[in-house]
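Have a look at protein-v5.pdb; it's PDB, C-alpha atoms:
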```
ATOM      1  CA  MET E 191       0.000   0.000   0.000
ATOM      2  CA  GLN E 192       1.288   3.421  -0.931
ATOM      3  CA  GLY E 193       0.446   6.406   1.182
ATOM      4  CA  LYS E 194       1.717   9.827   1.899
ATOM      5  CA  GLN E 195       4.063  10.874   4.650
ATOM      6  CA  LYS E 196       2.692  12.847   7.598
ATOM      7  CA  GLU E 197       4.232  16.285   8.064
ATOM      8  CA  SER E 198       4.822  15.602  11.761
ATOM      9  CA  LEU E 199       4.257  12.957  14.403
ATOM     10  CA  VAL E 200       3.614  12.643  18.112
ATOM     11  CA  VAL E 201       5.759   9.805  19.468
ATOM     12  CA  VAL E 202       5.510   8.422  23.009
ATOM     13  CA  TYR E 203       7.974   6.103  24.732
ATOM     14  CA  THR E 204       6.606   4.909  28.067
ATOM     15  CA  GLY E 205       6.527   1.871  30.360
ATOM     16  CA  ASP E 206       8.552   0.436  33.219
ATOM     17  CA  GLY E 207      11.334  -0.909  31.010
ATOM     18  CA  LYS E 208      14.648   0.688  30.172
ATOM     19  CA  GLY E 209      15.106   2.541  26.903
ATOM     20  CA  LYS E 210      12.665   5.461  26.867
ATOM     21  CA  THR E 211      15.250   8.240  26.988
ATOM     22  CA  SER E 212      17.551   6.186  24.757
ATOM     23  CA  ALA E 213      14.812   5.941  22.139
ATOM     24  CA  GLY E 214      14.235   9.691  22.329
ATOM     25  CA  LEU E 215      17.974  10.233  21.869
ATOM     26  CA  GLY E 216      17.832   7.975  18.828
ATOM     27  CA  LEU E 217      15.216  10.287  17.314
ATOM     28  CA  VAL E 218      17.508  13.247  18.013
ATOM     29  CA  CYS E 219      20.326  11.507  16.116
ATOM     30  CA  ARG E 220      18.087  10.641  13.173
ATOM     31  CA  ALA E 221      16.631  14.131  12.956
ATOM     32  CA  LEU E 222      20.032  15.831  13.110
ATOM     33  CA  GLY E 223      21.342  13.403  10.504
ATOM     34  CA  ALA E 224      18.451  14.425   8.248
ATOM     35  CA  GLY E 225      19.328  18.112   8.655
ATOM     36  CA  SER E 226      16.466  18.910  11.043
ATOM     37  CA  LYS E 227      16.481  21.448  13.863
ATOM     38  CA  VAL E 228      16.004  19.754  17.242
ATOM     39  CA  ALA E 229      15.221  20.765  20.831
ATOM     40  CA  PHE E 230      15.921  18.202  23.572
ATOM     41  CA  ILE E 231      14.312  19.205  26.874
ATOM     42  CA  GLN E 232      14.759  17.172  30.050
ATOM     43  CA  PHE E 233      12.265  17.239  32.898
ATOM     44  CA  ILE E 234      13.089  15.736  36.325
ATOM     45  CA  LYS E 235      16.795  15.069  35.682
ATOM     46  CA  SER E 236      19.145  17.485  37.417
ATOM     47  CA  TRP E 237      22.244  15.322  37.622
ATOM     48  CA  GLN E 238      24.960  15.030  34.996
ATOM     49  CA  VAL E 239      24.022  12.344  32.487
ATOM     50  CA  SER E 240      26.179  11.080  29.633
ATOM     51  CA  GLU E 241      24.004  12.670  26.954
ATOM     52  CA  ASP E 242      24.948  16.096  28.395
ATOM     53  CA  ALA E 243      28.618  15.506  27.537
ATOM     54  CA  PHE E 244      27.656  14.109  24.136
ATOM     55  CA  PHE E 245      25.469  17.113  23.296
ATOM     56  CA  THR E 246      28.214  19.532  24.366
ATOM     57  CA  LYS E 247      30.638  17.833  21.978
ATOM     58  CA  ILE E 248      28.341  17.533  18.966
ATOM     59  CA  ALA E 249      26.357  20.789  19.146
ATOM     60  CA  PRO E 250      29.055  22.820  17.313
ATOM     61  CA  LEU E 251      28.951  20.306  14.450
ATOM     62  CA  PHE E 252      25.281  21.043  13.814
ATOM     63  CA  ASP E 253      25.584  24.835  13.519
ATOM     64  CA  GLY E 254      22.729  25.883  15.804
ATOM     65  CA  LYS E 255      20.412  23.002  14.902
ATOM     66  CA  LEU E 256      20.572  21.439  18.382
ATOM     67  CA  VAL E 257      19.203  23.159  21.475
ATOM     68  CA  THR E 258      19.150  21.424  24.862
ATOM     69  CA  HIS E 259      17.647  22.351  28.205
ATOM     70  CA  LYS E 260      17.808  20.591  31.563
ATOM     71  CA  GLY E 261      14.882  21.557  33.773
ATOM     72  CA  GLY E 262      14.585  19.356  36.793
ATOM     73  CA  LYS E 263      15.320  19.185  40.489
ATOM     74  CA  GLY E 264      15.838  15.426  40.626
ATOM     75  CA  PHE E 265      13.515  12.541  41.387
ATOM     76  CA  TYR E 266      10.237  13.588  42.952
ATOM     77  CA  ASN E 267       8.417  11.452  45.491
ATOM     78  CA  ALA E 268      10.711   8.467  44.955
ATOM     79  CA  GLY E 269      11.502   7.517  48.540
ATOM     80  CA  SER E 270      15.230   7.327  49.291
ATOM     81  CA  MET E 271      16.048   8.336  45.698
ATOM     82  CA  SER E 272      14.104  11.628  45.969
ATOM     83  CA  ALA E 273      15.914  14.923  45.577
ATOM     84  CA  ALA E 274      17.002  15.981  49.055
ATOM     85  CA  ASN E 275      15.907  19.366  50.404
ATOM     86  CA  VAL E 276      13.767  20.250  47.381
ATOM     87  CA  SER E 277      10.244  21.355  48.191
ATOM     88  CA  VAL E 278       7.172  20.356  46.232
ATOM     89  CA  ASN E 279       6.800  23.991  45.179
ATOM     90  CA  GLU E 280      10.381  24.085  43.850
ATOM     91  CA  HIS E 281       9.750  20.913  41.825
ATOM     92  CA  LYS E 282       6.526  22.384  40.434
ATOM     93  CA  LEU E 283       8.101  25.751  39.632
ATOM     94  CA  VAL E 284      10.968  24.175  37.672
ATOM     95  CA  ALA E 285       8.577  21.780  35.895
ATOM     96  CA  ARG E 286       6.348  24.715  34.915
ATOM     97  CA  LYS E 287       9.295  26.747  33.553
ATOM     98  CA  THR E 288      10.515  23.738  31.607
ATOM     99  CA  TYR E 289       7.003  23.073  30.306
ATOM    100  CA  ASN E 290       6.620  26.683  29.166
ATOM    101  CA  LEU E 291       9.880  26.380  27.213
ATOM    102  CA  ALA E 292       8.753  23.080  25.676
ATOM    103  CA  LEU E 293       5.410  24.637  24.711
ATOM    104  CA  GLU E 294       7.180  27.614  23.138
ATOM    105  CA  TYR E 295       9.546  25.386  21.134
ATOM    106  CA  ALA E 296       6.835  22.940  20.043
ATOM    107  CA  SER E 297       4.373  25.611  18.918
ATOM    108  CA  SER E 298       6.825  28.051  17.296
ATOM    109  CA  GLY E 299       7.435  26.184  14.052
ATOM    110  CA  ASP E 300      11.168  26.808  14.523
ATOM    111  CA  TYR E 301      11.947  23.168  15.344
ATOM    112  CA  ASP E 302      11.397  20.003  13.352
ATOM    113  CA  LEU E 303      11.585  17.813  16.473
ATOM    114  CA  VAL E 304      11.032  18.602  20.141
ATOM    115  CA  VAL E 305      11.846  15.810  22.606
ATOM    116  CA  CYS E 306      10.385  16.210  26.105
ATOM    117  CA  ASP E 307      12.326  13.673  28.133
ATOM    118  CA  GLU E 308      10.624  12.493  31.348
ATOM    119  CA  ILE E 309       7.588  14.747  30.847
ATOM    120  CA  ASN E 310       5.296  11.765  31.451
ATOM    121  CA  ASN E 311       6.845  11.394  34.926
ATOM    122  CA  ALA E 312       6.276  15.103  35.631
ATOM    123  CA  VAL E 313       2.589  14.653  34.765
ATOM    124  CA  HIS E 314       2.206  11.414  36.716
ATOM    125  CA  ASP E 315       3.871  12.977  39.775
ATOM    126  CA  GLY E 316       1.493  15.957  39.675
ATOM    127  CA  LEU E 317       4.172  18.511  38.810
ATOM    128  CA  LEU E 318       2.219  19.190  35.615
ATOM    129  CA  SER E 319      -1.381  18.329  34.766
ATOM    130  CA  ILE E 320      -2.757  15.966  32.164
ATOM    131  CA  ASN E 321      -4.295  19.072  30.600
ATOM    132  CA  ASP E 322      -0.789  20.538  30.254
ATOM    133  CA  LEU E 323       0.268  17.429  28.365
ATOM    134  CA  LYS E 324      -2.790  17.581  26.120
ATOM    135  CA  GLU E 325      -2.204  21.305  25.510
ATOM    136  CA  LEU E 326       1.384  20.583  24.437
ATOM    137  CA  ILE E 327       0.232  17.901  22.014
ATOM    138  CA  TYR E 328      -2.512  20.066  20.511
ATOM    139  CA  ALA E 329      -0.451  23.281  20.418
ATOM    140  CA  LYS E 330       2.512  21.798  18.575
ATOM    141  CA  HIS E 331       3.148  23.308  15.186
ATOM    142  CA  GLU E 332       1.845  21.262  12.266
ATOM    143  CA  LYS E 333       5.393  20.732  10.989
ATOM    144  CA  THR E 334       6.960  19.926  14.369
ATOM    145  CA  SER E 335       7.238  16.351  15.575
ATOM    146  CA  LEU E 336       6.955  15.843  19.310
ATOM    147  CA  CYS E 337       8.439  13.025  21.393
ATOM    148  CA  LEU E 338       7.261  12.443  24.971
ATOM    149  CA  THR E 339       9.200  10.049  27.191
ATOM    150  CA  GLY E 340       8.837   8.713  30.716
ATOM    151  CA  ARG E 341       6.842   6.196  32.691
ATOM    152  CA  ASN E 342       3.092   6.359  33.118
ATOM    153  CA  PHE E 343       1.895   8.129  29.993
ATOM    154  CA  PRO E 344      -1.838   8.701  30.564
ATOM    155  CA  MET E 345      -3.332   6.203  28.120
ATOM    156  CA  ASP E 346      -6.600   8.134  27.902
ATOM    157  CA  SER E 347      -4.540  10.773  26.027
ATOM    158  CA  LYS E 348      -3.360   8.441  23.273
ATOM    159  CA  GLY E 349      -5.957   9.576  20.736
ATOM    160  CA  ARG E 350      -3.676  12.277  19.277
ATOM    161  CA  VAL E 351      -0.539  10.119  19.420
ATOM    162  CA  ASP E 352       0.836   8.627  16.201
ATOM    163  CA  ILE E 353       3.333   6.183  17.693
ATOM    164  CA  LEU E 354       3.092   4.813  21.229
ATOM    165  CA  THR E 355       5.671   2.309  22.394
ATOM    166  CA  GLU E 356       5.540   0.782  25.845
ATOM    167  CA  MET E 357       8.870  -0.511  27.105
ATOM    168  CA  LYS E 358       8.156  -3.537  29.285
ATOM    169  CA  LYS E 359      10.737  -4.679  31.791
ATOM    170  CA  GLN E 360      11.529  -8.372  31.659
ATOM    171  CA  LYS E 361      14.652  -8.166  33.790
ATOM    172  CA  HIS E 362      16.784  -5.343  35.154
ATOM    173  CA  HIS E 363      19.968  -5.394  37.224
ATOM    174  CA  PHE E 364      18.393  -2.871  39.653
ATOM    175  CA  ASP E 365      16.221  -5.753  40.871
ATOM    176  CA  ASP E 366      19.388  -7.566  41.978
ATOM    177  CA  GLY E 367      20.536  -4.567  44.006
ATOM    178  CA  PHE E 368      22.963  -3.068  41.484
ATOM    179  CA  ILE E 369      23.107   0.665  40.814
ATOM    180  CA  ALA E 370      22.988   2.413  37.434
ATOM    181  CA  ASN E 371      25.923   2.026  35.029
ATOM    182  CA  GLN E 372      27.253   5.208  33.458
ATOM    183  CA  GLY E 373      27.049   5.040  29.677
ATOM    184  CA  ILE E 374      24.245   2.472  29.806
ATOM    185  CA  ASP E 375      21.694   3.722  32.333
ATOM    186  CA  PHE E 376      22.665   7.398  32.412
TER     187      PHE E 376
END
```

Spit out the file's structure as structure tokens when you get a sec.
Amino acid sequence: MQGKQKESLVVVYTGDGKGKTSAGLGLVCRALGAGSKVAFIQFIKSWQVSEDAFFTKIAPLFDGKLVTHKGGKGFYNAGSMSAANVSVNEHKLVARKTYNLALEYASSGDYDLVVCDEINNAVHDGLLSINDLKELIYAKHEKTSLCLTGRNFPMDSKGRVDILTEMKKQKHHFDDGFIANQGIDF
């Protein structure tokens, strides 16, 4: 069957398995390789992750076509892994600022791809509302693809999504008491 290509897509990577951010990073690589302009926006994560170093090294090669933003205060409401000494209001304020930037980038028409890493977590944790997520999806420019990553995507919002992939954990070394490996997990 022959069809026509959509001008843009909404892509969601969710689930309890590993690979959501990695899949979003794969889209960044593909889009940059195709000559697209990309914004990669991280919610939740405040710590240094390996993609930060990678982006710093490659950004000059893409002559202004890659913009990144880290807008998080760490894990929220995650027991012993929660961000220490960060109030709920601080988490919400940073999530809102990051959301506003994501909304601006997605709706401007200046970017071919906007990746909102861990935004699903921010919604699930109550730092943003489901209506915020829906607004982002509906406000995106018709020529801008949008990628939303993180656990717990609200499945009642999948009607406007073009691709939804749920990563399902079969086995993970965390379950055996091991911590994250740099270059693999972060």

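Counting from atom CA of Ser297 of chain E, the distance to atom CA of Leu323 of chain E is 13.2 Å.
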
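Residue selection for this entry, given the PyMOL selection byres ((chain E and resi 340) around 10), comprises E:Val202, E:Tyr203, E:Thr204, E:Gly205, E:Asp206, E:Gly207, E:Lys208, E:Gly209, E:Lys210, E:Thr211, E:Phe233, E:Ile234, E:Cys306, E:Asp307, E:Glu308, E:Ile309, E:Asn310, E:Asn311, E:Ala312, E:Val313, E:His314, E:Leu338, E:Thr339, E:Arg341, E:Asn342, E:Phe343, E:Glu356, E:Met357.
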
Counting all atoms listed in the file, figure out which residue out of E:Lys255, E:His281, E:Lys227, E:Lys348 gets nearest to Leu303 of chain E. E:Lys227

I'd like the interatomic distance between atom CA of Leu222 of chain E and atom CA of Ala370 of chain E, to a tenth of an Å. 27.9 Å

Could you tell me how far atom CA of Gln195 of chain E lies from atom CA of Glu294 of chain E, in Å and to one decimal? 25.1 Å

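In this comparison, which uses all atoms listed in the file, the residue of E:Glu241, E:Asp322, E:Glu332, E:Asp253 approaching Ser212 of chain E most closely is E:Glu241.
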
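Listed by chain and then by number, the residues chosen by the PyMOL selection byres ((chain E and resi 252) around 12) in this file are Val218, Cys219, Ala221, Leu222, Gly223, Ala224, Gly225, Ser226, Lys227, Val228, Phe245, Thr246, Lys247, Ile248, Ala249, Pro250, Leu251, Asp253, Gly254, Lys255, Leu256 and Val257 of chain E.
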
Would you fill out segment 289-300 of chain E with all heavy atoms and return it as a PDB file, in the coordinates of the input?
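Written file, result-v2.pdb:
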```pdb
ATOM      1  N   TYR E 289       8.181  23.276  31.152  1.00  0.00           N
ATOM      2  CA  TYR E 289       7.003  23.073  30.306  1.00  0.00           C
ATOM      3  C   TYR E 289       6.775  24.279  29.402  1.00  0.00           C
ATOM      4  O   TYR E 289       6.510  24.123  28.202  1.00  0.00           O
ATOM      5  CB  TYR E 289       5.765  22.815  31.170  1.00  0.00           C
ATOM      6  CG  TYR E 289       4.495  22.788  30.361  1.00  0.00           C
ATOM      7  CD1 TYR E 289       4.130  21.654  29.652  1.00  0.00           C
ATOM      8  CD2 TYR E 289       3.688  23.919  30.267  1.00  0.00           C
ATOM      9  CE1 TYR E 289       2.971  21.638  28.877  1.00  0.00           C
ATOM     10  CE2 TYR E 289       2.535  23.912  29.500  1.00  0.00           C
ATOM     11  CZ  TYR E 289       2.185  22.765  28.803  1.00  0.00           C
ATOM     12  OH  TYR E 289       1.048  22.757  28.035  1.00  0.00           O
ATOM     13  N   ASN E 290       6.847  25.473  29.964  1.00  0.00           N
ATOM     14  CA  ASN E 290       6.620  26.683  29.166  1.00  0.00           C
ATOM     15  C   ASN E 290       7.624  26.773  28.019  1.00  0.00           C
ATOM     16  O   ASN E 290       7.268  27.174  26.904  1.00  0.00           O
ATOM     17  CB  ASN E 290       6.677  27.929  30.038  1.00  0.00           C
ATOM     18  CG  ASN E 290       5.471  28.053  30.950  1.00  0.00           C
ATOM     19  OD1 ASN E 290       4.432  27.443  30.724  1.00  0.00           O
ATOM     20  ND2 ASN E 290       5.608  28.835  32.003  1.00  0.00           N
ATOM     21  N   LEU E 291       8.872  26.398  28.270  1.00  0.00           N
ATOM     22  CA  LEU E 291       9.880  26.380  27.213  1.00  0.00           C
ATOM     23  C   LEU E 291       9.530  25.328  26.161  1.00  0.00           C
ATOM     24  O   LEU E 291       9.596  25.593  24.958  1.00  0.00           O
ATOM     25  CB  LEU E 291      11.266  26.117  27.803  1.00  0.00           C
ATOM     26  CG  LEU E 291      12.425  26.165  26.829  1.00  0.00           C
ATOM     27  CD1 LEU E 291      12.601  27.568  26.250  1.00  0.00           C
ATOM     28  CD2 LEU E 291      13.705  25.739  27.542  1.00  0.00           C
ATOM     29  N   ALA E 292       9.141  24.143  26.608  1.00  0.00           N
ATOM     30  CA  ALA E 292       8.753  23.080  25.676  1.00  0.00           C
ATOM     31  C   ALA E 292       7.570  23.521  24.821  1.00  0.00           C
ATOM     32  O   ALA E 292       7.552  23.296  23.600  1.00  0.00           O
ATOM     33  CB  ALA E 292       8.409  21.800  26.440  1.00  0.00           C
ATOM     34  N   LEU E 293       6.587  24.155  25.432  1.00  0.00           N
ATOM     35  CA  LEU E 293       5.410  24.637  24.711  1.00  0.00           C
ATOM     36  C   LEU E 293       5.813  25.690  23.674  1.00  0.00           C
ATOM     37  O   LEU E 293       5.349  25.655  22.529  1.00  0.00           O
ATOM     38  CB  LEU E 293       4.386  25.206  25.691  1.00  0.00           C
ATOM     39  CG  LEU E 293       3.060  25.681  25.117  1.00  0.00           C
ATOM     40  CD1 LEU E 293       2.303  24.533  24.447  1.00  0.00           C
ATOM     41  CD2 LEU E 293       2.216  26.300  26.232  1.00  0.00           C
ATOM     42  N   GLU E 294       6.697  26.586  24.068  1.00  0.00           N
ATOM     43  CA  GLU E 294       7.180  27.614  23.138  1.00  0.00           C
ATOM     44  C   GLU E 294       7.891  26.973  21.951  1.00  0.00           C
ATOM     45  O   GLU E 294       7.613  27.317  20.795  1.00  0.00           O
ATOM     46  CB  GLU E 294       8.141  28.554  23.874  1.00  0.00           C
ATOM     47  CG  GLU E 294       8.777  29.603  22.997  1.00  0.00           C
ATOM     48  CD  GLU E 294       9.852  30.403  23.734  1.00  0.00           C
ATOM     49  OE1 GLU E 294       9.736  30.590  24.961  1.00  0.00           O
ATOM     50  OE2 GLU E 294      10.818  30.816  23.068  1.00  0.00           O
ATOM     51  N   TYR E 295       8.796  26.037  22.210  1.00  0.00           N
ATOM     52  CA  TYR E 295       9.546  25.386  21.134  1.00  0.00           C
ATOM     53  C   TYR E 295       8.622  24.576  20.229  1.00  0.00           C
ATOM     54  O   TYR E 295       8.758  24.605  19.006  1.00  0.00           O
ATOM     55  CB  TYR E 295      10.626  24.472  21.696  1.00  0.00           C
ATOM     56  CG  TYR E 295      11.834  25.165  22.284  1.00  0.00           C
ATOM     57  CD1 TYR E 295      12.806  24.428  22.939  1.00  0.00           C
ATOM     58  CD2 TYR E 295      12.035  26.539  22.197  1.00  0.00           C
ATOM     59  CE1 TYR E 295      13.936  25.040  23.473  1.00  0.00           C
ATOM     60  CE2 TYR E 295      13.144  27.153  22.726  1.00  0.00           C
ATOM     61  CZ  TYR E 295      14.098  26.395  23.370  1.00  0.00           C
ATOM     62  OH  TYR E 295      15.206  26.996  23.892  1.00  0.00           O
ATOM     63  N   ALA E 296       7.703  23.821  20.834  1.00  0.00           N
ATOM     64  CA  ALA E 296       6.835  22.940  20.043  1.00  0.00           C
ATOM     65  C   ALA E 296       5.844  23.719  19.186  1.00  0.00           C
ATOM     66  O   ALA E 296       5.504  23.278  18.093  1.00  0.00           O
ATOM     67  CB  ALA E 296       6.088  21.984  20.970  1.00  0.00           C
ATOM     68  N   SER E 297       5.390  24.860  19.650  1.00  0.00           N
ATOM     69  CA  SER E 297       4.373  25.611  18.918  1.00  0.00           C
ATOM     70  C   SER E 297       4.946  26.662  17.970  1.00  0.00           C
ATOM     71  O   SER E 297       4.219  27.186  17.125  1.00  0.00           O
ATOM     72  CB  SER E 297       3.409  26.284  19.901  1.00  0.00           C
ATOM     73  OG  SER E 297       4.088  27.237  20.696  1.00  0.00           O
ATOM     74  N   SER E 298       6.232  26.946  18.063  1.00  0.00           N
ATOM     75  CA  SER E 298       6.825  28.051  17.296  1.00  0.00           C
ATOM     76  C   SER E 298       6.972  27.770  15.805  1.00  0.00           C
ATOM     77  O   SER E 298       6.992  28.703  15.004  1.00  0.00           O
ATOM     78  CB  SER E 298       8.207  28.393  17.866  1.00  0.00           C
ATOM     79  OG  SER E 298       9.137  27.340  17.583  1.00  0.00           O
ATOM     80  N   GLY E 299       7.143  26.513  15.439  1.00  0.00           N
ATOM     81  CA  GLY E 299       7.435  26.184  14.052  1.00  0.00           C
ATOM     82  C   GLY E 299       8.911  26.309  13.725  1.00  0.00           C
ATOM     83  O   GLY E 299       9.320  26.081  12.589  1.00  0.00           O
ATOM     84  N   ASP E 300       9.724  26.656  14.728  1.00  0.00           N
ATOM     85  CA  ASP E 300      11.168  26.808  14.523  1.00  0.00           C
ATOM     86  C   ASP E 300      11.932  25.483  14.606  1.00  0.00           C
ATOM     87  O   ASP E 300      13.095  25.422  14.225  1.00  0.00           O
ATOM     88  CB  ASP E 300      11.760  27.768  15.565  1.00  0.00           C
ATOM     89  CG  ASP E 300      11.251  29.188  15.408  1.00  0.00           C
ATOM     90  OD1 ASP E 300      10.807  29.552  14.295  1.00  0.00           O
ATOM     91  OD2 ASP E 300      11.282  29.932  16.407  1.00  0.00           O
TER      92      ASP E 300
END
```
